[in-house]
Amino acid sequence: MPKLVRIPTPLRKLTHGDDTVEVVGATIGEVFSELETRYPGIKERLLDEQGEVRRFVNVYVNEEDIRFLDGQKTPLKDGAEISIIPAIAGG
Amino acid sequence: MEKHEGFMKALKCRECGREYPLAATHVCEFDFGPLEVAYDYDRIKKSLTRALIQSRPQTMWRYRELLPIAHEPTVGTQVGFTPLVKADRLAKHLGIRELWIKNDTVNYPTLSFKDRVVSVALSRARELGFKIVACASTGNLANSVAANAAAAGLKAYVFIPSDLEQSKIVNSQVYGAQVIGIKGHYDEVNRLCAEIAGKFGWAFVNVNMRPYYAEGSKSMGFEIIEQLGWQVPQHTVVCMASGSLLTKIYKSYQEMMKLGLAPETKFHVHGAQATGCSPITTAQKAGLDFFKPVKPNTIAKSLAIGTPADGFYALRAMKETGSNSDDVTDDEIRDGIKMLAECEGIFAETAGGVTVGVAKKLIASGRIPANASAVLCITGNGLKTLDAVVGHVGRLREIRPNLREFETLLHTETEATPTH
């Protein structure tokens with residue numbers, strides 16, 4: 001069973017307007033590479049020059065921030081939902 | 001055809017400087033950096049003078065050239081210009097020469113500094129043609145969006161963690177807003193709202209309206225300067241949730257100096273957090289440029305943001321100004337609330353207890369020198385977080401309506417506390 005990535009508004013130009021994308025990668029890192037193959041240019045939006053997730057990008061697997069999991073090595077179970085969210089403001 | 005956008009020039013990415021139109025958008029498409037309003041300072045400098053400001057009504061809108069709307073404000077026209085109180089008794093208690101309280105516990109209409117940001121966000125939302133407004137909130141913002149939207153005839157959806165203080169929930173519902181409780185902490189509410197905002201075409205004040213919204217906080221700093229006789233204070237202590245308020249106070253001081261409205265001077269903006277949610281102060285004390293996200297656990301729910309969006313910029317502002325920060329426990333927060341109430345007659349919510357508690361630590365350790373002058377930004381009213389202090393503020397003594405019983409009670413008390 002594939003996994004689902006929710007694409008945030010700022011990246012939808014790259015995904016031709018699609019707000020969700022199905023992927024098969026086994027980790028977050030693999031999913032980023034998979035997205036890059038399908039939507040060239042998307043990886044550099046998400047990762048900085050050192051290959052780290054950009055400072056203002058938050059990535060969640062089934063609602064948990066990957067910084068509380070295993071970062072880009074976080075494994076993905078079948079049916080996992082991945083959200084990419086810009087940094088969060090106060091309230 | 002050129003559109004009239006007041007003194008705004010564009011939205012600009014704080015990271016890479018790319019420019020965007022002045023729409024309801026908050027993130028750079030290239031690097032996800034936050035967008036900020038860029039102003040035409042040359043034009044502002046020509047038109048904005050102290051005399052002009054002083055000729056206007058005493059509201060936050062007297063600085064309107066420096067606030068991001070194109071036309072006259074239409075929402076929250078009465079907000080701001082809260083008292084700056086000289087706090088001599090608290091100064092003595094904390095051991096500092098001079099202390100001021102910027103008292104946003106009495107901000108209009110919902111008793112927190114959030115009315116400042118909301119009046120800007122909703123005025124701008126109307127300019128952009130929105131009919132539905134929304135927010136993710138730890139409580140104060142929800143109250144303010146609900147009230148100001150009601151007064152403006154806008155429909156409001158507010159999203160809050162479902163375990164919020166009862167008073168903050170009721171204080172949103174009473175205005176007829178759609179109040180949605182999310183089973184999760186604020187970071188989860190906000191993540192959901194980011195996804196909702198991407199799907200529905202609403203004006204989310206702290207998501208897609210954030211570049212405008214956040215600028216409203218500057219008015220607190222402008223007022224402090226004017227109320228101090230057009231002087232930038234040496235030391236300001238600000239509580240931090242996302243860190244936005246601290247960065248905007250810093251910006252307001254810089255703008256006033258840049259425009260020649262206040263003399264150039266060195267200043268410090270110190271940050272305050274609750275120990276149970278202290279990603280920014282932990283990084284600041286360790287000398288780091290970036291924070292590590294945390295899962296919040298504190299009575300200061302209005303500050304409980306574990307992944308603070310402006311944490312990076314708050315750290316940078318503190319570093320550039322040689323400022324400090326610290327955090328306080330739940331007990332120290334309650335002590336802070338009581339100190340402010342007993343010394344100055346001002347009842348602050350838990351966030352105010354954080355600010356007072358941290359100020360005490362900074363003064364005691366010499367990080368704010370004893371011979372200095374400081375301003376504490378008190379951002380919300382204690383009536384909203386009664387739950388946090390119930391049972392910690394003395395007990396109710398009951399007597400029958402009988403003079404002798406009262407005299408007995410007074411006699412016992414006098415013996416117990418001979419100094420009174």
# chains A, B, ... in the order shown; residues from 1 in each chain; ligands from 1
$ residues_around --residues "B:Cys343" --least-positions-apart "2" --cutoff "8 Å" --atoms "only C-alpha atoms" --output "PyMOL selection string"
chain B and resi 87+89-90+339-341+345
$ closest_atom_pairs --of "chain B" --to "chain A" --cutoff "6 Å" --atoms "only C-alpha atoms" --output "Markdown table"
| residue | atom | partner | partner_atom | distance |
| --- | --- | --- | --- | --- |
| B:Glu29 | CA | A:Pro10 | CA | 4.8 |
| B:Phe30 | CA | A:Arg45 | CA | 5.6 |
| B:Asp31 | CA | A:Arg45 | CA | 5.3 |
| B:Phe32 | CA | A:Phe56 | CA | 5.8 |
| B:Gly33 | CA | A:Phe56 | CA | 5.9 |
| B:Ser137 | CA | A:Gly91 | CA | 4.4 |
| B:Thr138 | CA | A:Gly91 | CA | 5.6 |
| B:Leu141 | CA | A:Gly91 | CA | 5.3 |
| B:Gly198 | CA | A:Thr9 | CA | 5.8 |
| B:Asn206 | CA | A:Ala89 | CA | 5.9 |
| B:Ser242 | CA | A:Gly90 | CA | 4.6 |
| B:Ala309 | CA | A:Ile88 | CA | 4.7 |
$ write_last_selection --atoms "N, CA and C atoms" --output "CSV table (one decimal), in the first residue's frame"
chain,number,residue,atom,x,y,z
B,29,GLU,N,7.9,30.8,-1.8
B,29,GLU,CA,7.8,29.6,-2.5
B,29,GLU,C,9.1,28.9,-2.7
B,30,PHE,N,10.2,29.6,-2.6
B,30,PHE,CA,11.5,29.0,-2.8
B,30,PHE,C,12.0,28.3,-1.6
B,31,ASP,N,12.1,28.9,-0.5
B,31,ASP,CA,12.8,28.3,0.7
B,31,ASP,C,11.9,28.3,1.9
B,32,PHE,N,10.6,28.5,1.8
B,32,PHE,CA,9.7,28.5,2.9
B,32,PHE,C,10.0,29.5,4.0
B,33,GLY,N,10.8,30.5,3.7
B,33,GLY,CA,11.1,31.6,4.6
B,33,GLY,C,9.9,32.4,4.8
B,137,SER,N,-5.3,29.1,17.7
B,137,SER,CA,-5.1,30.0,18.9
B,137,SER,C,-4.9,29.2,20.2
B,138,THR,N,-4.1,29.8,21.1
B,138,THR,CA,-4.0,29.3,22.5
B,138,THR,C,-5.0,30.0,23.4
B,141,LEU,N,-5.9,34.9,21.2
B,141,LEU,CA,-6.1,35.3,19.8
B,141,LEU,C,-7.5,34.9,19.3
B,198,GLY,N,-4.8,25.9,3.5
B,198,GLY,CA,-4.4,25.6,2.1
B,198,GLY,C,-5.5,25.1,1.3
B,206,ASN,N,-3.2,34.1,11.5
B,206,ASN,CA,-1.8,33.8,11.8
B,206,ASN,C,-1.3,32.7,10.9
B,242,SER,N,5.7,32.2,20.1
B,242,SER,CA,6.4,31.9,18.8
B,242,SER,C,7.6,32.8,18.7
B,309,ALA,N,7.7,29.6,15.5
B,309,ALA,CA,8.0,30.0,14.1
B,309,ALA,C,9.0,31.1,14.1
$ residues_around --residues "B:Trp230" --least-positions-apart "4" --cutoff "7 Å" --atoms "only C-alpha atoms" --output "VMD selection string"
chain B and resid 225 to 226 261 to 262
$ residues_around --residues "A:Gly25" --least-positions-apart "3" --cutoff "8 Å" --atoms "only C-alpha atoms" --output "ChimeraX atom specification"
/A:3,28,30-31,34,76
$ closest_residue --among "A:Asn62, A:Gln72, A:Gly79, A:Leu4" --to "A:Phe32" --atoms "only C-alpha atoms"
A:Gln72
$ residues_around --residues "B:Lys12" --least-positions-apart "5" --cutoff "9 Å" --atoms "only C-alpha atoms" --output "tab-separated table (two decimals) with C-alpha atoms, in the first residue's frame"
chain	number	residue	atom	x	y	z
B	17	GLY	CA	14.77	38.61	-0.21
B	18	ARG	CA	12.50	37.47	-3.08
B	19	GLU	CA	9.51	39.79	-3.43
B	20	TYR	CA	5.84	38.88	-3.72
B	21	PRO	CA	2.61	40.86	-4.31
B	28	CYS	CA	8.37	32.08	0.25
B	34	PRO	CA	8.50	33.82	6.24
B	35	LEU	CA	7.31	36.81	4.22
B	36	GLU	CA	7.44	40.25	5.77
B	37	VAL	CA	5.93	43.56	4.66
B	38	ALA	CA	8.46	45.92	3.07
$ select_by_dssp --residues "chain A" --states "strand (DSSP E or B)" --output "list in words"
Lys3, Leu4, Val5, Arg6, Thr20, Val21, Glu22, Val23, Thr27, Leu47, Val53, Val57, Asn58, Val59, Tyr60, Val61, Glu64, Asp65, Pro75, Glu81, Ile82, Ser83, Ile84, Ile85 and Pro86 of chain A
$ write_last_selection --atoms "C-alpha atoms" --output "short mmCIF file (atom, residue, chain, number, x, y, z; two decimals), in the first residue's frame"
data_model
loop_
_atom_site.label_atom_id
_atom_site.label_comp_id
_atom_site.auth_asym_id
_atom_site.auth_seq_id
_atom_site.Cartn_x
_atom_site.Cartn_y
_atom_site.Cartn_z
CA LYS A 3 1.96 6.35 1.38
CA LEU A 4 0.37 9.76 0.98
CA VAL A 5 2.20 13.10 0.93
CA ARG A 6 0.18 16.28 1.47
CA THR A 20 -1.72 15.04 -2.45
CA VAL A 21 0.78 12.66 -4.01
CA GLU A 22 1.14 8.90 -3.55
CA VAL A 23 4.66 7.57 -2.93
CA THR A 27 11.85 6.46 4.65
CA LEU A 47 16.46 20.70 1.85
CA VAL A 53 15.50 19.88 6.10
CA VAL A 57 10.01 23.47 6.91
CA ASN A 58 8.26 21.07 9.28
CA VAL A 59 7.69 17.49 8.21
CA TYR A 60 5.18 15.24 9.98
CA VAL A 61 4.55 11.51 9.70
CA GLU A 64 4.27 13.51 14.53
CA ASP A 65 7.13 15.93 13.80
CA PRO A 75 10.72 4.73 8.49
CA GLU A 81 0.46 10.15 5.79
CA ILE A 82 3.19 12.72 5.43
CA SER A 83 2.54 16.44 5.86
CA ILE A 84 4.93 19.21 4.84
CA ILE A 85 4.05 22.41 6.69
CA PRO A 86 5.66 25.85 6.79
#
$ atom_distance --atom1 "atom CA of B:Lys45" --atom2 "atom CA of B:Glu320"
24.8 Å
$ closest_atom_pairs --of "stretch 237-302 of chain B" --to "stretch 57-70 of chain B" --cutoff "10 Å" --atoms "only C-alpha atoms" --output "Markdown table"
| residue | atom | partner | partner_atom | distance |
| --- | --- | --- | --- | --- |
| B:Ser252 | CA | B:Leu66 | CA | 9.0 |
| B:Glu255 | CA | B:Leu66 | CA | 8.6 |
| B:Met256 | CA | B:Leu66 | CA | 9.7 |
$ atom_distance --atom1 "atom CA of B:Ile44" --atom2 "atom CA of B:Phe7"
6.9 Å
